[in-house]
Amino acid sequence: MNKHTAELLEKHFDTAFAAPDGIKKLRELILTLAIQGKLVPQDPNDQPAKELLQEIEAEKQRLVKEGKIKMPKPLLSVTEEEKPYVLPQGWEWVRFGEIAQHNSGKTLDGGRNTGLPRKYITTSNVYWGKFQLNNVREMLIREDELDKCSARKGDLLICEGGEAGRAAVWELPEEICFQNHVHRARLYKDVNPYFAYRFFEKINASGEINNYRKGVGISNMSSKALASIAFPLPPISEQHRIVAKIDELMARCDELEKLRNAQQGARLTVHAAAIKQLLNIAEPDQHQRAQAFLAEHFGELYTVKENVAELRKAILQLAVMGKLVPQNQDDQPARELLKEIEAEKQRLVKEGKVKKPKPLQPINPEEVPYQLPNGWEWCRMQDVFLSLKYGTSKRCEYDGGAIPVLRIPNIYKGSISIDDLKYTDLSEKERSDLGLNEDDLLVIRSNGSESLVGRAAVVGKESSGFCYAGYLMRIRIDRKLLNSYYLYFVFDCEMTRMAIEGPIRTTSGVKNINSTEISQLIVPLPPFQEQHRIVARIDQLMALCDTLDQQIDATTNKQTELLNTLIRAQSQGNTAEEPQRALLSKVQVIELTTYRASIGCYAFSKLANTQYFGRTAAAKVMYLAQAHIGLDLDLEPQREAAGPLDTWIYDFERQGQGKHWFEVNEKTLANGRKKTEYRCLPALSEPAAKAETLMTLEQKAEFDRLIYALAGKKTEEVEIIATLFAVWNDFLIDGVQPTDTQIISDVRENWHERKARFTPAELGRWLDWLRRENIIPQGLPPRTVQQPRLGFD
């Protein structure tokens, strides 16, 4: 590998890691460089491949003379047109049949096979680079057939059928028989079978192997085709160096793959915790905190499209819970709004414009999933619309009549598309009954996909006057009393989707829901004015989500472009020098004081803006960072009144003020006690960012999950949580698996007299909370110690 190649690989390893299919492409690049002679340096003292070929020819002649093989048929030389690149000095282009004696195995024929039952493998047992031997079968094979149809250690086995060319080296000391759909390649004169395997892996990755395959879907590779493959042959010594280097770099790719999988798992864990915190942090009167949380974590958590999609769901859920915008006491309450909608419906019934709806059962308390803010009401879908009607069953064609008819393909992400319209002819009455008005909702009632059934769209001006097909139902509202887009968001939120998907039935492969089931859906109805505020806020936040999606696309495209440029540049390069820098990551060394401070700043950056965060909570979070997450903070927590407490927190406060990371403020509470709070300053961001490089992905994910779980808790609640955890953990350190009664008694009787204020029932509830949140001790250090009392907030 030349120095420039090594430097580019070093520089862009992160790019390969971040790009879609980046690790896969990096593996292909490694194989490409290896097979082109660019991965390791050439040694002029190596025996050239030309001499190796002469020795192989001599070995063939000897084996023919001894009767061990038949005289191989001569193969045509590799033509210039078949040579895709120039080989280094000392390499040679050969046919694969020149360097390997190969044949397929025994045909399975129960009526004709004779001999002893012997285990054999077929293509289903051969994977790239390995064998799956759980389902090895047996067939009758005679002793005189074994030489031809058994593989020994070091043989390369190649699939003739299935994914033709898939290969692996047999590594076990025991021989194994193989079926006729597998080729055995026994390399001559110590040609490295692992180098040959990597060659097949490379031409499969690049698609070159298709030149030697026949068939579509299930392909095959004949012995003749296998023998004809153009193969780049290095000197034997270089083959070994190449194989060792490939193994080293592929191991690095394996580590990257594990890291990436862990990162994806961590992202899911953190995301789930963040969404839970988002939905729980905002009580009906705390919309500002929910919005602050969204603003703070938008860019941090949503760097992949899957999580942006989940964020969209969370925004809708907040909206229908009354937690996205503030309530206004001057708004007309929803119960008055429902009376007006009912009065309008009765007027239309009296005039014969709509049918009188069938009465529905009132909402049971068990149906209500959460408490609504003041001024909101739970009602059924039928309570908010004026009418619901199925569409026309008449056949529609592109040139079928004068009336445009909206169909399922015209509904897309809540809006109506009129790019693909079909038409029909309808009577005047049908047009009157089925005509669409602006702000009507169209709902899909039948579709092959469950995810589309119950999806809605709002009719706009451009499709007003159109009609609609029978797989749709029209919901008509009074736009002076209900915001159609709010109702659309209700249809789209997770709560309603769950209620819709429950009663969906399948008939002849089609998923269905009927008008009664739609009418029975429960709706959280806010005041009319608040509906408009909610819709405006959702639009604003969805636009931010759109921006995030665009940024992700741009970043992904840039990463892919960089990686593709790297691969093209290196696969087309032609020099070969020893790399001057290793690809492996450097180990970072950092002293304890800096490490502790960085972790503390990270926790402060996440928690300082929450309502109850002060010194007590800070000390508990740092204790749990060590005892639960496993961060090596070297704390010695004491069983203090508000413990567990390590006095390091006071040193950290002085350090933080001196470095201008945060301000420390003392408040006197109504009961006369003092409370310490923090105000973060811009300089905090640097050590907080440093902490992210000091934690593993798993540690960061768990730490974030812990932080989000504690973010909305009151000071006393955090104290209970940490104390229960510490007592439980101390028992485990001492080799005792405690009962809940033992944990609760130790908290109230063996910690500090002030802990007795917590009742057993209260402590029991928080023990249950620890289990639900999976914040369960594992007996990690440190153990808490009993110390003389210290003043604490």
# chains A, B, ... in the order shown; residues from 1 in each chain; ligands from 1
$ residues_around --residues "A:Glu138" --least-positions-apart "5" --cutoff "6 Å" --atoms "only C-alpha atoms" --output "PyMOL selection string"
chain A and resi 117-120
$ residues_around --residues "stretch 545-547 of chain A" --least-positions-apart "2" --cutoff "10 Å" --atoms "only C-alpha atoms" --output "number ranges by chain"
A: 298, 302, 305, 308-309, 311-312, 539-543, 549-553
$ residues_around --residues "A:Asp419" --least-positions-apart "5" --cutoff "12 Å" --atoms "only C-alpha atoms" --output "compact mmCIF listing (two decimals) with N, CA, C and O atoms, in the first residue's frame"
# COMPACT_ATOMS: atom_id res chain seq x y z
N TYR A 398 -59.71 7.03 -17.26
CA TYR A 398 -59.02 8.29 -17.58
C TYR A 398 -59.84 9.12 -18.57
O TYR A 398 -59.75 10.35 -18.58
N PRO A 404 -64.39 14.45 -12.30
CA PRO A 404 -63.16 13.87 -11.73
C PRO A 404 -63.47 13.17 -10.41
O PRO A 404 -64.22 13.69 -9.58
N VAL A 405 -62.90 11.98 -10.24
CA VAL A 405 -63.15 11.17 -9.05
C VAL A 405 -61.82 10.92 -8.34
O VAL A 405 -60.89 10.36 -8.94
N LEU A 406 -61.73 11.33 -7.09
CA LEU A 406 -60.52 11.10 -6.30
C LEU A 406 -60.50 9.65 -5.81
O LEU A 406 -61.52 9.11 -5.39
N ARG A 407 -59.30 9.04 -5.91
CA ARG A 407 -59.12 7.65 -5.49
C ARG A 407 -58.00 7.59 -4.45
O ARG A 407 -57.39 8.61 -4.10
N PRO A 409 -54.92 6.55 -4.74
CA PRO A 409 -53.63 7.13 -5.17
C PRO A 409 -53.56 8.65 -5.11
O PRO A 409 -52.47 9.22 -5.15
N ASN A 410 -54.73 9.31 -5.02
CA ASN A 410 -54.73 10.77 -4.94
C ASN A 410 -54.51 11.28 -3.52
O ASN A 410 -54.38 12.50 -3.32
N ILE A 411 -54.48 10.38 -2.54
CA ILE A 411 -54.26 10.79 -1.15
C ILE A 411 -52.81 10.53 -0.79
O ILE A 411 -52.32 9.39 -0.89
N TYR A 412 -52.10 11.59 -0.41
CA TYR A 412 -50.68 11.44 -0.11
C TYR A 412 -50.29 12.36 1.04
O TYR A 412 -50.37 13.59 0.93
N GLU A 462 -58.51 23.27 -4.76
CA GLU A 462 -58.31 22.76 -6.12
C GLU A 462 -59.14 21.51 -6.40
O GLU A 462 -59.42 21.19 -7.56
N SER A 463 -59.54 20.78 -5.36
CA SER A 463 -60.34 19.57 -5.59
C SER A 463 -61.78 19.73 -5.09
O SER A 463 -62.54 18.76 -5.06
$ residues_around --residues "A:Tyr423" --least-positions-apart "3" --cutoff "8 Å" --atoms "only C-alpha atoms" --output "short mmCIF file (atom, residue, chain, number, x, y, z; two decimals) with all heavy atoms, in the first residue's frame"
data_model
loop_
_atom_site.label_atom_id
_atom_site.label_comp_id
_atom_site.auth_asym_id
_atom_site.auth_seq_id
_atom_site.Cartn_x
_atom_site.Cartn_y
_atom_site.Cartn_z
N CYS A 396 -64.47 4.08 -12.93
CA CYS A 396 -63.83 5.33 -13.34
C CYS A 396 -62.74 5.02 -14.37
O CYS A 396 -62.03 4.02 -14.24
CB CYS A 396 -63.22 6.06 -12.15
SG CYS A 396 -64.41 6.41 -10.84
N GLU A 397 -62.58 5.88 -15.35
CA GLU A 397 -61.55 5.73 -16.38
C GLU A 397 -60.88 7.07 -16.61
O GLU A 397 -61.41 8.13 -16.26
CB GLU A 397 -62.17 5.23 -17.70
CG GLU A 397 -62.93 3.93 -17.60
CD GLU A 397 -62.01 2.71 -17.44
OE1 GLU A 397 -60.78 2.89 -17.54
OE2 GLU A 397 -62.54 1.60 -17.19
N TYR A 398 -59.71 7.03 -17.26
CA TYR A 398 -59.02 8.29 -17.58
C TYR A 398 -59.84 9.12 -18.57
O TYR A 398 -59.75 10.35 -18.58
CB TYR A 398 -57.63 8.01 -18.14
CG TYR A 398 -56.66 7.53 -17.06
CD1 TYR A 398 -56.18 6.24 -17.07
CD2 TYR A 398 -56.24 8.39 -16.04
CE1 TYR A 398 -55.31 5.79 -16.08
CE2 TYR A 398 -55.37 7.97 -15.06
CZ TYR A 398 -54.90 6.66 -15.08
OH TYR A 398 -54.04 6.22 -14.10
N ASP A 399 -60.63 8.46 -19.40
CA ASP A 399 -61.50 9.18 -20.34
C ASP A 399 -62.94 8.73 -20.17
O ASP A 399 -63.70 8.60 -21.13
CB ASP A 399 -61.04 8.96 -21.77
CG ASP A 399 -60.97 7.47 -22.14
OD1 ASP A 399 -61.19 6.64 -21.24
OD2 ASP A 399 -60.69 7.17 -23.32
N GLY A 400 -63.34 8.48 -18.90
CA GLY A 400 -64.62 7.84 -18.66
C GLY A 400 -65.79 8.77 -18.44
O GLY A 400 -66.91 8.30 -18.25
N GLY A 401 -65.64 10.08 -18.44
CA GLY A 401 -66.76 10.95 -18.19
C GLY A 401 -66.31 12.36 -17.87
O GLY A 401 -65.16 12.74 -18.10
N ALA A 402 -67.23 13.14 -17.28
CA ALA A 402 -66.96 14.56 -17.06
C ALA A 402 -66.57 14.88 -15.62
O ALA A 402 -66.02 15.96 -15.35
CB ALA A 402 -68.19 15.38 -17.45
N ILE A 403 -66.85 13.97 -14.68
CA ILE A 403 -66.65 14.27 -13.26
C ILE A 403 -65.35 13.63 -12.76
O ILE A 403 -65.20 12.41 -12.81
CB ILE A 403 -67.83 13.76 -12.40
CG1 ILE A 403 -69.16 14.25 -12.95
CG2 ILE A 403 -67.64 14.18 -10.94
CD1 ILE A 403 -69.28 15.75 -13.01
N PRO A 404 -64.39 14.45 -12.30
CA PRO A 404 -63.16 13.87 -11.73
C PRO A 404 -63.47 13.17 -10.41
O PRO A 404 -64.22 13.69 -9.58
CB PRO A 404 -62.24 15.08 -11.52
CG PRO A 404 -63.12 16.26 -11.54
CD PRO A 404 -64.35 15.92 -12.30
N VAL A 405 -62.90 11.98 -10.24
CA VAL A 405 -63.15 11.17 -9.05
C VAL A 405 -61.82 10.92 -8.34
O VAL A 405 -60.89 10.36 -8.94
CB VAL A 405 -63.81 9.83 -9.41
CG1 VAL A 405 -64.02 8.97 -8.17
CG2 VAL A 405 -65.14 10.07 -10.12
#
$ atom_distance --atom1 "atom CA of A:Ser206" --atom2 "atom CA of A:Lys25"
9.9 Å
$ closest_atom_pairs --of "stretch 189-251 of chain A" --to "stretch 56-66 of chain A" --cutoff "12 Å" --atoms "only C-alpha atoms" --output "JSON lines"
{"residue": "A:Lys189", "atom": "CA", "partner": "A:Ile56", "partner_atom": "CA", "distance": 5.7}
{"residue": "A:Asp190", "atom": "CA", "partner": "A:Ile56", "partner_atom": "CA", "distance": 9.2}
{"residue": "A:Val191", "atom": "CA", "partner": "A:Ile56", "partner_atom": "CA", "distance": 9.2}
{"residue": "A:Ile236", "atom": "CA", "partner": "A:Ile56", "partner_atom": "CA", "distance": 11.9}
$ residues_around --residues "A:Pro88" --least-positions-apart "4" --cutoff "8 Å" --atoms "only C-alpha atoms" --output "list of chain:residue names"
A:Gln36, A:Gly37, A:Gln42
$ closest_residue --among "A:Glu98, A:Glu174, A:Asp247, A:Asp651" --to "A:Ala230" --atoms "only C-alpha atoms"
A:Glu98
$ closest_residue --among "A:Phe385, A:Lys350, A:Asp425, A:Thr516" --to "A:Leu441" --atoms "only C-alpha atoms"
A:Phe385
$ select_by_dssp --residues "stretch 47-241 of chain A" --states "helix (DSSP H, G or I)" --output "MDAnalysis selection string"
chainID A and resid 49:65 80:82 96:99 123:125 143:149 193:206 208:212 223:228 236:241
$ closest_residue --among "A:Arg537, A:Lys667, A:Arg639, A:His628" --to "A:Arg748" --atoms "only C-alpha atoms"
A:Arg639
$ closest_residue --among "A:Gly658, A:Gly502, A:Pro526, A:Pro74" --to "A:Lys224" --atoms "only C-alpha atoms"
A:Pro74
$ residues_around --residues "A:His752" --least-positions-apart "2" --cutoff "12 Å" --atoms "only C-alpha atoms" --output "PyMOL selection string"
chain A and resi 638-644+723+745-750+754-758+785-790
$ write_last_selection --atoms "C-alpha atoms" --output "PDB file, in the first residue's frame"
ATOM      1  CA  GLN A 638     -21.311   9.071  52.052  1.00  0.00           C
ATOM      2  CA  ARG A 639     -24.557   8.123  53.809  1.00  0.00           C
ATOM      3  CA  GLU A 640     -25.568  11.702  54.413  1.00  0.00           C
ATOM      4  CA  ALA A 641     -29.001  13.139  55.171  1.00  0.00           C
ATOM      5  CA  ALA A 642     -29.551  13.888  51.466  1.00  0.00           C
ATOM      6  CA  GLY A 643     -26.946  11.335  50.349  1.00  0.00           C
ATOM      7  CA  PRO A 644     -25.379   9.496  48.666  1.00  0.00           C
ATOM      8  CA  THR A 723     -30.807   6.217  48.099  1.00  0.00           C
ATOM      9  CA  SER A 745     -35.845  -0.891  56.240  1.00  0.00           C
ATOM     10  CA  ASP A 746     -32.166  -0.063  55.589  1.00  0.00           C
ATOM     11  CA  VAL A 747     -33.115   3.263  53.998  1.00  0.00           C
ATOM     12  CA  ARG A 748     -35.339   4.289  56.904  1.00  0.00           C
ATOM     13  CA  GLU A 749     -33.294   2.877  59.795  1.00  0.00           C
ATOM     14  CA  ASN A 750     -29.598   2.573  58.852  1.00  0.00           C
ATOM     15  CA  ARG A 754     -34.114  12.198  58.057  1.00  0.00           C
ATOM     16  CA  LYS A 755     -34.744   9.244  55.730  1.00  0.00           C
ATOM     17  CA  ALA A 756     -37.472   8.032  58.094  1.00  0.00           C
ATOM     18  CA  ARG A 757     -39.752  10.707  56.637  1.00  0.00           C
ATOM     19  CA  PHE A 758     -40.220   8.468  53.586  1.00  0.00           C
ATOM     20  CA  VAL A 785     -19.854   4.796  53.785  1.00  0.00           C
ATOM     21  CA  GLN A 786     -21.217   6.188  57.056  1.00  0.00           C
ATOM     22  CA  GLN A 787     -19.743   9.626  57.788  1.00  0.00           C
ATOM     23  CA  PRO A 788     -20.303  12.490  60.258  1.00  0.00           C
ATOM     24  CA  ARG A 789     -23.060  14.816  59.108  1.00  0.00           C
ATOM     25  CA  LEU A 790     -22.343  17.614  56.667  1.00  0.00           C
TER      26      LEU A 790
END
$ atom_distance --atom1 "atom CA of A:Glu692" --atom2 "atom CA of A:Leu548"
22.1 Å
$ residues_around --residues "A:Thr696" --least-positions-apart "6" --cutoff "10 Å" --atoms "only C-alpha atoms" --output "CSV table (one decimal) with C-alpha atoms, in the first residue's frame"
chain,number,residue,atom,x,y,z
A,259,LEU,CA,-19.5,-0.2,16.8
A,262,ALA,CA,-24.0,-0.6,19.0
A,263,GLN,CA,-24.4,3.0,17.9
A,631,LEU,CA,-18.0,5.5,34.7
A,702,GLU,CA,-27.1,4.5,29.2
$ atom_distance --atom1 "atom CA of A:Ser150" --atom2 "atom CA of A:Arg184"
8.3 Å
$ closest_residue --among "A:Ile35, A:Glu494, A:Phe731, A:Val384" --to "A:Val320" --atoms "only C-alpha atoms"
A:Glu494
